[in-house]
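Note: the block below is coords36.tsv and it holds TSV, C-alpha atoms and all ligand atoms.
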chain	number	residue	atom	x	y	z
L	1	MET	CA	119.47	163.65	34.11
L	2	LEU	CA	117.50	160.46	34.43
L	3	ASP	CA	113.99	160.78	35.69
L	4	LEU	CA	112.66	158.42	38.28
L	5	GLY	CA	111.00	156.21	35.70
L	6	ALA	CA	114.16	155.75	33.73
L	7	ARG	CA	116.16	155.00	36.85
L	8	ARG	CA	113.66	152.37	37.81
L	9	ILE	CA	113.99	150.78	34.39
L	10	GLU	CA	117.73	150.82	34.68
L	11	GLY	CA	117.56	149.01	37.97
L	12	ARG	CA	115.28	146.43	36.50
L	13	ILE	CA	117.46	145.90	33.49
L	14	ASN	CA	120.47	145.30	35.63
L	15	ARG	CA	118.51	142.75	37.56
L	16	VAL	CA	117.37	141.13	34.34
L	17	ALA	CA	120.91	141.03	33.11
L	18	THR	CA	122.09	139.23	36.23
L	19	GLU	CA	119.24	136.77	36.03
L	20	THR	CA	120.08	136.05	32.43
L	21	VAL	CA	123.64	135.34	33.41
L	22	GLN	CA	122.57	133.01	36.19
L	23	THR	CA	119.88	131.08	34.41
L	24	ASN	CA	121.60	130.86	31.09
L	25	ALA	CA	125.21	130.68	32.14
L	26	ARG	CA	126.20	128.32	29.35
L	27	VAL	CA	125.29	130.77	26.65
L	28	VAL	CA	125.73	134.12	28.28
L	29	ARG	CA	128.88	134.79	30.23
L	30	ASN	CA	128.47	138.38	31.09
L	31	VAL	CA	126.44	141.40	30.30
L	32	LYS	CA	128.53	144.47	29.82
L	33	ARG	CA	127.35	147.82	30.97
L	34	ARG	CA	128.04	150.51	28.47
L	35	GLU	CA	127.81	154.26	28.84
L	36	GLY	CA	125.41	154.12	31.72
L	37	HIS	CA	122.49	152.11	30.44
L	38	GLY	CA	123.24	150.39	27.14
L	39	LEU	CA	123.80	146.69	27.42
L	40	VAL	CA	125.18	144.04	25.17
L	41	VAL	CA	124.47	140.44	25.99
L	42	GLN	CA	127.73	138.71	25.19
L	43	ASN	CA	128.38	135.23	24.01
L	44	ARG	CA	131.20	133.06	25.21
L	45	LYS	CA	133.57	134.14	22.50
L	46	GLN	CA	136.00	131.34	21.72
L	47	GLU	CA	133.64	128.44	22.10
L	48	VAL	CA	131.08	130.14	19.93
L	49	THR	CA	133.72	130.94	17.30
L	50	ARG	CA	134.85	127.34	17.12
L	51	GLU	CA	131.31	126.04	16.91
L	52	LEU	CA	130.47	128.55	14.18
L	53	ALA	CA	133.51	127.43	12.19
L	54	ARG	CA	132.28	123.83	12.37
L	55	HIS	CA	128.83	124.79	11.13
L	56	PHE	CA	130.28	126.96	8.40
L	57	ALA	CA	132.60	124.14	7.30
L	58	PHE	CA	129.71	121.71	7.19
L	59	ASP	CA	127.52	124.05	5.15
L	60	VAL	CA	130.38	124.78	2.76
L	61	SER	CA	131.17	121.12	2.21
L	62	VAL	CA	127.52	120.34	1.49
L	63	GLY	CA	126.91	123.48	-0.56
L	64	LEU	CA	129.91	123.13	-2.87
L	65	ARG	CA	129.53	119.44	-3.49
L	66	GLY	CA	128.21	118.37	-6.89
L	67	LYS	CA	126.26	120.48	-9.35
L	68	ARG	CA	123.92	123.36	-8.50
L	69	LYS	CA	126.18	124.72	-5.83
L	70	SER	CA	124.82	127.10	-3.23
L	71	LEU	CA	125.68	128.55	0.16
L	72	PRO	CA	123.32	129.82	2.87
L	73	PHE	CA	122.92	133.59	2.49
L	74	ARG	CA	123.59	134.30	6.15
L	75	TYR	CA	127.30	133.65	5.64
L	76	LEU	CA	127.48	136.81	3.53
L	77	TYR	CA	127.04	138.83	6.70
L	78	ASP	CA	130.31	138.51	8.60
L	79	SER	CA	131.75	141.80	9.84
L	80	ALA	CA	133.32	142.67	6.46
L	81	GLY	CA	130.11	141.62	4.68
L	82	SER	CA	127.92	143.64	7.01
L	83	LYS	CA	130.11	146.71	6.44
L	84	LEU	CA	129.87	146.20	2.67
L	85	PHE	CA	126.12	145.83	2.97
L	86	GLU	CA	125.99	149.20	4.76
L	87	GLN	CA	127.82	150.58	1.70
L	88	ILE	CA	125.34	148.92	-0.67
L	89	CYS	CA	122.56	150.78	1.12
L	90	LEU	CA	124.20	154.08	0.12
L	91	GLN	CA	124.55	153.26	-3.58
L	92	PRO	CA	122.36	155.36	-5.90
L	93	GLU	CA	120.93	152.25	-7.63
L	94	TYR	CA	119.95	150.58	-4.37
L	95	TYR	CA	116.54	152.19	-3.81
L	96	PRO	CA	115.13	149.99	-0.97
L	97	THR	CA	116.94	151.65	1.95
L	98	ARG	CA	116.16	155.22	0.91
L	99	THR	CA	112.59	154.37	0.06
L	100	GLU	CA	111.92	152.57	3.31
L	101	ALA	CA	113.49	155.45	5.26
L	102	SER	CA	111.21	157.92	3.51
L	103	ILE	CA	108.16	155.81	4.33
L	104	LEU	CA	109.23	155.65	7.96
L	105	ALA	CA	109.82	159.38	8.07
L	106	LYS	CA	106.34	160.04	6.70
L	107	PHE	CA	104.38	157.50	8.69
L	108	SER	CA	106.22	157.10	11.97
L	109	PRO	CA	103.73	159.35	13.82
L	110	MET	CA	100.90	157.12	12.62
L	111	ILE	CA	102.78	153.97	13.52
L	112	ALA	CA	103.59	155.35	16.95
L	113	GLN	CA	99.94	156.23	17.49
L	114	LEU	CA	98.84	152.69	16.71
L	115	LEU	CA	100.82	151.59	19.73
L	116	ASN	CA	98.71	153.17	22.40
L	117	ASN	CA	100.85	152.15	25.34
L	118	ARG	CA	103.13	154.73	26.84
L	119	ALA	CA	105.92	152.23	27.35
L	120	ILE	CA	106.99	149.67	24.76
L	121	SER	CA	109.66	147.13	24.05
L	122	VAL	CA	111.00	147.40	20.51
L	123	ILE	CA	112.58	144.21	19.19
L	124	GLU	CA	114.40	144.42	15.89
L	125	LEU	CA	115.53	141.41	13.86
L	126	GLY	CA	118.67	142.06	11.83
L	127	SER	CA	119.11	145.56	13.16
L	128	GLY	CA	122.51	146.31	11.57
L	129	LYS	CA	123.30	149.94	12.26
L	130	SER	CA	119.69	150.75	13.20
L	131	THR	CA	119.83	153.86	11.03
L	132	LYS	CA	116.23	153.62	9.87
L	133	THR	CA	115.01	152.50	13.28
L	134	LYS	CA	116.27	155.76	14.74
L	135	ILE	CA	113.51	157.54	12.84
L	136	LEU	CA	110.91	155.53	14.74
L	137	LEU	CA	112.70	155.71	18.07
L	138	GLU	CA	112.97	159.49	17.77
L	139	GLN	CA	109.25	159.67	17.09
L	140	PHE	CA	108.53	157.63	20.21
L	141	LYS	CA	110.73	159.97	22.17
L	142	ALA	CA	108.94	163.01	20.78
L	143	MET	CA	105.66	161.48	21.94
L	144	ALA	CA	107.13	160.93	25.42
L	145	LYS	CA	106.97	157.18	25.13
L	146	GLU	CA	109.37	155.07	27.11
L	147	VAL	CA	111.27	152.48	25.14
L	148	VAL	CA	113.54	149.54	25.73
L	149	TYR	CA	115.18	148.64	22.44
L	150	PHE	CA	116.38	145.10	21.71
L	151	PRO	CA	118.48	145.08	18.53
L	152	ILE	CA	119.27	141.54	17.33
L	153	ASP	CA	122.00	140.90	14.79
L	154	ILE	CA	124.59	138.28	13.89
L	155	SER	CA	127.31	140.90	13.56
L	156	ASP	CA	128.18	141.83	17.12
L	157	ALA	CA	130.76	144.43	16.12
L	158	ILE	CA	127.96	146.55	14.67
L	159	LEU	CA	125.71	145.80	17.65
L	160	HIS	CA	128.26	147.24	20.05
L	161	GLU	CA	128.52	150.46	18.07
L	162	THR	CA	124.76	150.73	17.83
L	163	ALA	CA	124.15	150.13	21.52
L	164	VAL	CA	126.60	152.84	22.47
L	165	SER	CA	125.44	155.43	19.96
L	166	LEU	CA	121.71	154.94	20.59
L	167	THR	CA	122.19	155.10	24.31
L	168	THR	CA	124.16	158.32	24.15
L	169	GLU	CA	122.26	159.98	21.30
L	170	LEU	CA	118.71	159.11	22.25
L	171	GLY	CA	119.10	158.22	25.88
L	172	ILE	CA	117.06	155.06	25.51
L	173	ASN	CA	117.64	151.71	27.11
L	174	VAL	CA	119.32	149.25	24.77
L	175	ILE	CA	119.73	145.54	25.29
L	176	ALA	CA	121.63	144.26	22.26
L	177	ILE	CA	121.49	140.56	21.48
L	178	PRO	CA	124.09	139.04	19.16
L	179	ALA	CA	122.22	136.06	17.72
L	180	GLU	CA	120.37	134.68	14.77
L	181	TYR	CA	116.77	135.75	14.37
L	182	SER	CA	114.84	133.03	16.16
L	183	LYS	CA	117.25	132.56	19.04
L	184	GLY	CA	117.47	136.32	19.45
L	185	ILE	CA	113.73	136.93	19.54
L	186	LYS	CA	113.29	134.17	22.09
L	187	LYS	CA	116.02	135.60	24.26
L	188	ALA	CA	114.48	139.07	24.07
L	189	ASN	CA	111.09	137.66	25.02
L	190	LYS	CA	112.51	135.84	27.96
L	191	ILE	CA	114.06	139.04	29.27
L	192	ILE	CA	110.80	140.94	28.74
L	193	SER	CA	108.54	138.41	30.41
L	194	LYS	CA	110.89	137.73	33.32
L	195	SER	CA	111.40	141.36	34.14
L	196	ARG	CA	107.79	142.29	33.47
L	197	ILE	CA	108.86	145.63	32.06
L	198	PHE	CA	107.10	147.01	29.01
L	199	PRO	CA	105.23	143.88	27.99
L	200	ARG	CA	103.76	145.66	24.95
L	201	LYS	CA	105.97	144.85	21.99
L	202	LEU	CA	106.74	146.27	18.60
L	203	ILE	CA	108.66	143.76	16.49
L	204	LEU	CA	110.57	145.12	13.51
L	205	PHE	CA	111.85	143.22	10.49
L	206	LEU	CA	112.94	145.96	8.13
L	207	GLY	CA	114.93	146.34	4.94
L	208	SER	CA	113.11	143.58	3.03
L	209	SER	CA	115.27	140.97	4.72
L	210	ILE	CA	112.20	138.75	4.57
L	211	GLY	CA	113.00	138.54	0.84
L	212	ASN	CA	115.92	136.27	1.68
L	213	PHE	CA	113.52	133.48	2.59
L	214	GLU	CA	111.71	131.14	0.25
L	215	PRO	CA	108.02	132.11	0.44
L	216	ARG	CA	107.24	128.96	2.41
L	217	GLU	CA	110.08	129.60	4.84
L	218	ALA	CA	108.87	133.17	5.21
L	219	ALA	CA	105.43	131.98	6.31
L	220	ALA	CA	106.99	129.57	8.81
L	221	PHE	CA	109.18	132.36	10.08
L	222	LEU	CA	106.16	134.62	10.60
L	223	ARG	CA	104.37	131.83	12.44
L	224	MET	CA	107.37	131.58	14.74
L	225	ILE	CA	107.21	135.34	15.38
L	226	ARG	CA	103.47	135.15	15.91
L	227	GLU	CA	104.04	132.62	18.69
L	228	THR	CA	105.98	135.28	20.57
L	229	MET	CA	103.22	137.89	20.16
L	230	LYS	CA	100.45	138.76	22.58
L	231	GLU	CA	97.29	140.78	22.15
L	232	GLY	CA	98.18	144.37	21.35
L	233	ASP	CA	101.65	143.57	20.03
L	234	VAL	CA	102.51	144.82	16.58
L	235	LEU	CA	104.77	143.44	13.86
L	236	LEU	CA	106.18	145.76	11.20
L	237	ILE	CA	107.81	144.20	8.14
L	238	GLY	CA	109.48	145.83	5.14
L	239	PHE	CA	108.67	144.20	1.79
L	240	ASP	CA	110.36	145.12	-1.44
L	241	LEU	CA	107.74	145.15	-4.20
L	242	HIS	CA	107.75	143.58	-7.65
L	243	LYS	CA	108.67	146.15	-10.29
L	244	ASP	CA	110.34	146.81	-13.64
L	245	ARG	CA	113.21	144.40	-13.96
L	246	ARG	CA	115.69	147.01	-15.20
L	247	MET	CA	115.43	148.79	-11.90
L	248	LEU	CA	115.82	145.56	-9.96
L	249	ASP	CA	118.81	144.40	-11.99
L	250	ALA	CA	120.49	147.77	-11.52
L	251	ALA	CA	119.96	147.72	-7.75
L	252	TYR	CA	121.96	144.49	-7.45
L	253	ASN	CA	124.63	145.48	-9.97
L	254	ASP	CA	125.76	148.87	-8.75
L	255	LYS	CA	128.29	150.73	-10.88
L	256	ASN	CA	130.74	151.07	-8.01
L	257	GLY	CA	130.93	147.30	-7.72
L	258	ILE	CA	130.08	147.20	-4.03
L	259	THR	CA	127.53	144.42	-4.42
L	260	ALA	CA	130.16	142.43	-6.32
L	261	ARG	CA	132.61	142.89	-3.45
L	262	PHE	CA	129.90	141.92	-0.98
L	263	ASN	CA	129.24	138.71	-2.89
L	264	LEU	CA	132.92	137.84	-3.46
L	265	ASN	CA	133.65	138.46	0.22
L	266	LEU	CA	132.05	135.08	0.86
L	267	LEU	CA	134.99	133.39	-0.89
L	268	GLU	CA	137.42	135.49	1.14
L	269	ARG	CA	135.60	134.39	4.25
L	270	ILE	CA	136.07	130.74	3.25
L	271	ASN	CA	139.74	131.47	2.62
L	272	MET	CA	140.13	133.14	6.02
L	273	GLU	CA	138.05	130.90	8.24
L	274	LEU	CA	138.45	127.54	6.53
L	275	GLN	CA	141.87	128.03	4.94
L	276	GLY	CA	140.42	127.92	1.46
L	277	GLN	CA	142.44	128.64	-1.65
L	278	PHE	CA	139.98	130.56	-3.78
L	279	ASP	CA	141.51	133.02	-6.22
L	280	ILE	CA	138.94	135.81	-6.03
L	281	ASP	CA	139.87	137.02	-9.53
L	282	LYS	CA	138.73	133.72	-11.00
L	283	PHE	CA	135.13	134.29	-9.94
L	284	ALA	CA	132.65	136.99	-10.89
L	285	HIS	CA	129.52	138.41	-9.32
L	286	ILE	CA	126.23	138.01	-11.17
L	287	ALA	CA	122.77	139.09	-10.09
L	288	PHE	CA	119.58	139.07	-12.13
L	289	TYR	CA	115.85	139.16	-11.70
L	290	ASN	CA	114.20	135.78	-12.15
L	291	GLU	CA	110.79	137.04	-13.29
L	292	LYS	CA	109.06	133.71	-13.03
L	293	LEU	CA	110.04	133.19	-9.41
L	294	ARG	CA	109.96	136.92	-8.68
L	295	ARG	CA	113.32	136.98	-7.05
L	296	ILE	CA	116.73	138.48	-7.51
L	297	GLU	CA	119.27	135.68	-7.65
L	298	MET	CA	122.83	136.40	-6.71
L	299	HIS	CA	125.56	133.99	-7.81
L	300	LEU	CA	129.33	133.69	-8.03
L	301	VAL	CA	130.35	132.36	-11.40
L	302	SER	CA	133.59	130.49	-12.07
L	303	LYS	CA	135.52	132.11	-14.91
L	304	GLU	CA	137.35	128.90	-15.75
L	305	ASP	CA	137.61	125.19	-15.02
L	306	GLN	CA	139.31	124.91	-11.64
L	307	ASN	CA	139.83	122.74	-8.58
L	308	ILE	CA	139.88	124.51	-5.25
L	309	TYR	CA	141.35	123.11	-2.09
L	310	ILE	CA	139.86	123.93	1.31
L	311	ALA	CA	142.32	122.88	4.01
L	312	TYR	CA	139.88	122.85	6.93
L	313	LEU	CA	137.87	120.21	5.05
L	314	ASP	CA	140.93	118.64	3.42
L	315	LYS	CA	138.95	118.48	0.19
L	316	PHE	CA	139.04	119.69	-3.39
L	317	PHE	CA	136.00	121.18	-5.07
L	318	HIS	CA	135.60	121.20	-8.80
L	319	PHE	CA	134.21	124.14	-10.74
L	320	GLU	CA	133.51	124.13	-14.42
L	321	ARG	CA	133.78	127.30	-16.40
L	322	GLY	CA	130.43	129.11	-16.12
L	323	GLU	CA	129.28	127.06	-13.14
L	324	THR	CA	127.84	129.14	-10.31
L	325	ILE	CA	127.46	129.18	-6.55
L	326	HIS	CA	124.02	130.52	-5.70
L	327	THR	CA	124.61	132.84	-2.74
L	328	GLU	CA	121.40	134.80	-2.12
L	329	ASN	CA	117.79	135.29	-3.15
L	330	SER	CA	115.78	138.43	-2.70
L	331	TYR	CA	112.08	137.82	-3.27
L	332	LYS	CA	109.88	140.66	-4.44
L	333	TYR	CA	106.27	140.77	-3.27
L	334	ASP	CA	102.94	142.21	-4.31
L	335	MET	CA	99.98	143.10	-2.10
L	336	HIS	CA	98.22	139.78	-2.72
L	337	GLN	CA	101.23	137.81	-1.62
L	338	ILE	CA	101.58	139.94	1.49
L	339	LYS	CA	97.97	139.26	2.41
L	340	ASP	CA	98.38	135.57	1.69
L	341	ILE	CA	101.46	135.27	3.79
L	342	ALA	CA	99.62	136.95	6.68
L	343	LYS	CA	96.71	134.54	6.36
L	344	GLY	CA	98.99	131.54	6.32
L	345	SER	CA	100.79	132.71	9.45
L	346	GLY	CA	97.95	133.63	11.78
L	347	LEU	CA	98.44	137.34	11.31
L	348	ILE	CA	96.14	140.13	10.23
L	349	LEU	CA	97.41	142.81	7.90
L	350	LYS	CA	96.24	145.84	9.84
L	351	ASP	CA	97.84	148.61	7.84
L	352	ARG	CA	100.29	149.21	5.05
L	353	PHE	CA	102.48	152.17	4.27
L	354	MET	CA	103.98	152.78	0.84
L	355	ASP	CA	105.93	155.39	-1.07
L	356	GLU	CA	104.14	157.20	-3.87
L	357	LYS	CA	105.77	155.08	-6.56
L	358	LYS	CA	104.85	151.87	-4.77
L	359	TRP	CA	108.38	150.56	-4.76
L	360	PHE	CA	108.37	149.41	-1.16
L	361	CYS	CA	105.81	148.51	1.47
L	362	LEU	CA	105.90	148.58	5.23
L	363	ALA	CA	103.24	146.14	6.36
L	364	LEU	CA	101.85	146.25	9.87
L	365	PHE	CA	100.49	143.02	11.33
L	366	ILE	CA	98.71	142.03	14.49
L	367	GLN	CA	98.00	138.52	15.62
L	368	ASP	CA	94.79	136.84	14.53
L	369	ASP	CA	93.08	135.55	17.71
L	370	CYS	CA	90.96	133.10	15.75
L	371	TYR	CA	93.90	131.42	14.11
L	372	GLN	CA	94.50	128.67	16.68
L	373	LYS	CA	90.85	127.71	16.77
L	374	ARG	CA	90.80	126.97	13.09
V	401	LIG	C1	119.57	142.44	3.20
V	401	LIG	C2	118.32	140.82	2.03
V	401	LIG	C3	117.50	143.03	2.22
V	401	LIG	O1	118.01	141.52	-0.72
V	401	LIG	O2	118.18	143.64	-1.01
V	401	LIG	C4	121.47	143.60	-1.28
V	401	LIG	C5	120.64	141.92	0.50
V	401	LIG	N1	122.18	141.60	-1.42
V	401	LIG	N2	122.29	143.52	-2.33
V	401	LIG	C6	118.47	142.60	-0.42
V	401	LIG	C7	121.40	142.38	-0.70
V	401	LIG	C8	122.74	142.30	-2.41
V	401	LIG	C9	119.40	142.68	0.79
V	401	LIG	N3	118.72	142.22	2.03
The structure given in the file should be rewritten as structure tokens.
Amino acid sequence: MLDLGARRIEGRINRVATETVQTNARVVRNVKRREGHGLVVQNRKQEVTRELARHFAFDVSVGLRGKRKSLPFRYLYDSAGSKLFEQICLQPEYYPTRTEASILAKFSPMIAQLLNNRAISVIELGSGKSTKTKILLEQFKAMAKEVVYFPIDISDAILHETAVSLTTELGINVIAIPAEYSKGIKKANKIISKSRIFPRKLILFLGSSIGNFEPREAAAFLRMIRETMKEGDVLLIGFDLHKDRRMLDAAYNDKNGITARFNLNLLERINMELQGQFDIDKFAHIAFYNEKLRRIEMHLVSKEDQNIYIAYLDKFFHFERGETIHTENSYKYDMHQIKDIAKGSGLILKDRFMDEKKWFCLALFIQDDCYQKR
């Protein structure tokens, strides 16, 4: 079933995998072969788990101390949180996923054409279930392009599923990397440059995940990505656009209460992983559009005065009635801001694809050669 080209790739990937194991033995223990040619780079489970717990504990103890409590948004995305987020994407009020998918469906031939190489490496940051990405990958397949797909996500349960299903459904090569964004993209790059397969890259950052970052952090993040890009590489980012606040408020307060469960899951995670004693019923989900800062803010609000013990930290945390934990931001952009962010990151906005109602924008960037000289 495999043609010669594909077999050659497979051979190379296996070699890459072994090299990765040898050169990076501390991080990567083994690379599992799945269903023929899908691969998941695996972390050393227990050590990583313990280290993650320490980081989580530290962030919780800092974040819940004093007034203006907050927790880093990435902790929302454990395996339960990631599953709930998949559910959020299906809620009627949550327009971003559907809208972005429709833009991809409409413009994927154009996007594919912009990448004039026959063979490309597709790197995706925060790939989740890769549902939308499939639209693009199918287009590449229809145009007889060869693809190695590198999904990067912090939820490795979902990565495993994705690697298997994409490999069997589309017959493409998958190298899944369970990691945070910047570590993951560096690892993918290392594999690509070492193996010298498909040096032309398409980097994807979909779903308006960029909205999680403060605008300044977003620019720094794009500069980091730009560092990994070479001439001819393309970066495709999904931006959610500024719009009527009623629509925004509704999207983060779905009637089925899934977003609320997603938010409250963070307290359950603290209970599970750090032996916390949060009573979930004594907190409520709130999300609202902050028009001045152009961001959705998601918080957990304490319904009463309470002291909560977290055993892992052997500490009590005080909450006044009405006090909140700020758990996530979701910045909304306009075209000017997208152009500005490109300028500040050494990127050129080459193209943009939008739905008719201008709810969502897929922005396509290339690197600006002149940037370093400035
Ligand atoms: C994953 C960051 C794109 O901001 O819309 C959705 C997260 N939080 N509902 C978003 C989210 C609550 C989502 N992103």
Sorted by chain and rising residue number, which residues of chain L lie within 7 Å of ligand LIG 401 (chain V), and what are their closest atom pairs and distances in Å to one decimal, counting all atoms listed in the file, as CSV?
residue,atom,partner,partner_atom,distance
L:Phe85,CA,V:LIG401,C4,6.7
L:Ile88,CA,V:LIG401,N2,6.4
L:Gly207,CA,V:LIG401,C3,5.0
L:Ser208,CA,V:LIG401,C3,4.5
L:Ser209,CA,V:LIG401,C3,3.9
L:Ile210,CA,V:LIG401,C2,6.9
L:Gly211,CA,V:LIG401,C2,5.9
L:Asn212,CA,V:LIG401,C2,5.2
L:Tyr252,CA,V:LIG401,N2,5.2
L:Thr259,CA,V:LIG401,C8,5.6
L:Glu328,CA,V:LIG401,N1,6.9
L:Asn329,CA,V:LIG401,O1,6.7
L:Ser330,CA,V:LIG401,O1,4.3
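Excluding Gln306 in chain L and any residue on its chain fewer than 6 positions from it, the residues at most 12 Å away by only C-alpha atoms are Gln277, Phe278, Asp279, Lys282, Phe283, Phe316, Phe317, His318, Phe319, Glu320, Arg321, Gly322 and Glu323 of chain L.
Pairwise distance (CA of Leu364 in chain L, CA of Lys350 in chain L) equals 5.6 Å.
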Edge lengths and centre in Å, axis-aligned, range 312-325 of chain L plus 3 Å each side, as JSON:
{"center_x": 134.2, "center_y": 123.8, "center_z": -4.7, "size_x": 19.5, "size_y": 16.7, "size_z": 29.3}
- Task: Counting only C-alpha atoms, find the residues whose atoms lie at most 9 Å from (124.5, 123.0, -8.9) (file coordinates) and write them out as a list in words.
- Result: Gly63, Leu64, Arg65, Gly66, Lys67, Arg68, Lys69, Ser70, Glu323, Thr324, Ile325 and His326 of chain L
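When all atoms listed in the file are used to measure the gap to Lys129 in chain L, the shortest distance among L:Ile270, L:Ser195, L:Pro151, L:Asp340 belongs to L:Pro151.
One distance worth recording is that between CA of Lys83 in chain L and CA of Pro178 in chain L, which is 16.0 Å.
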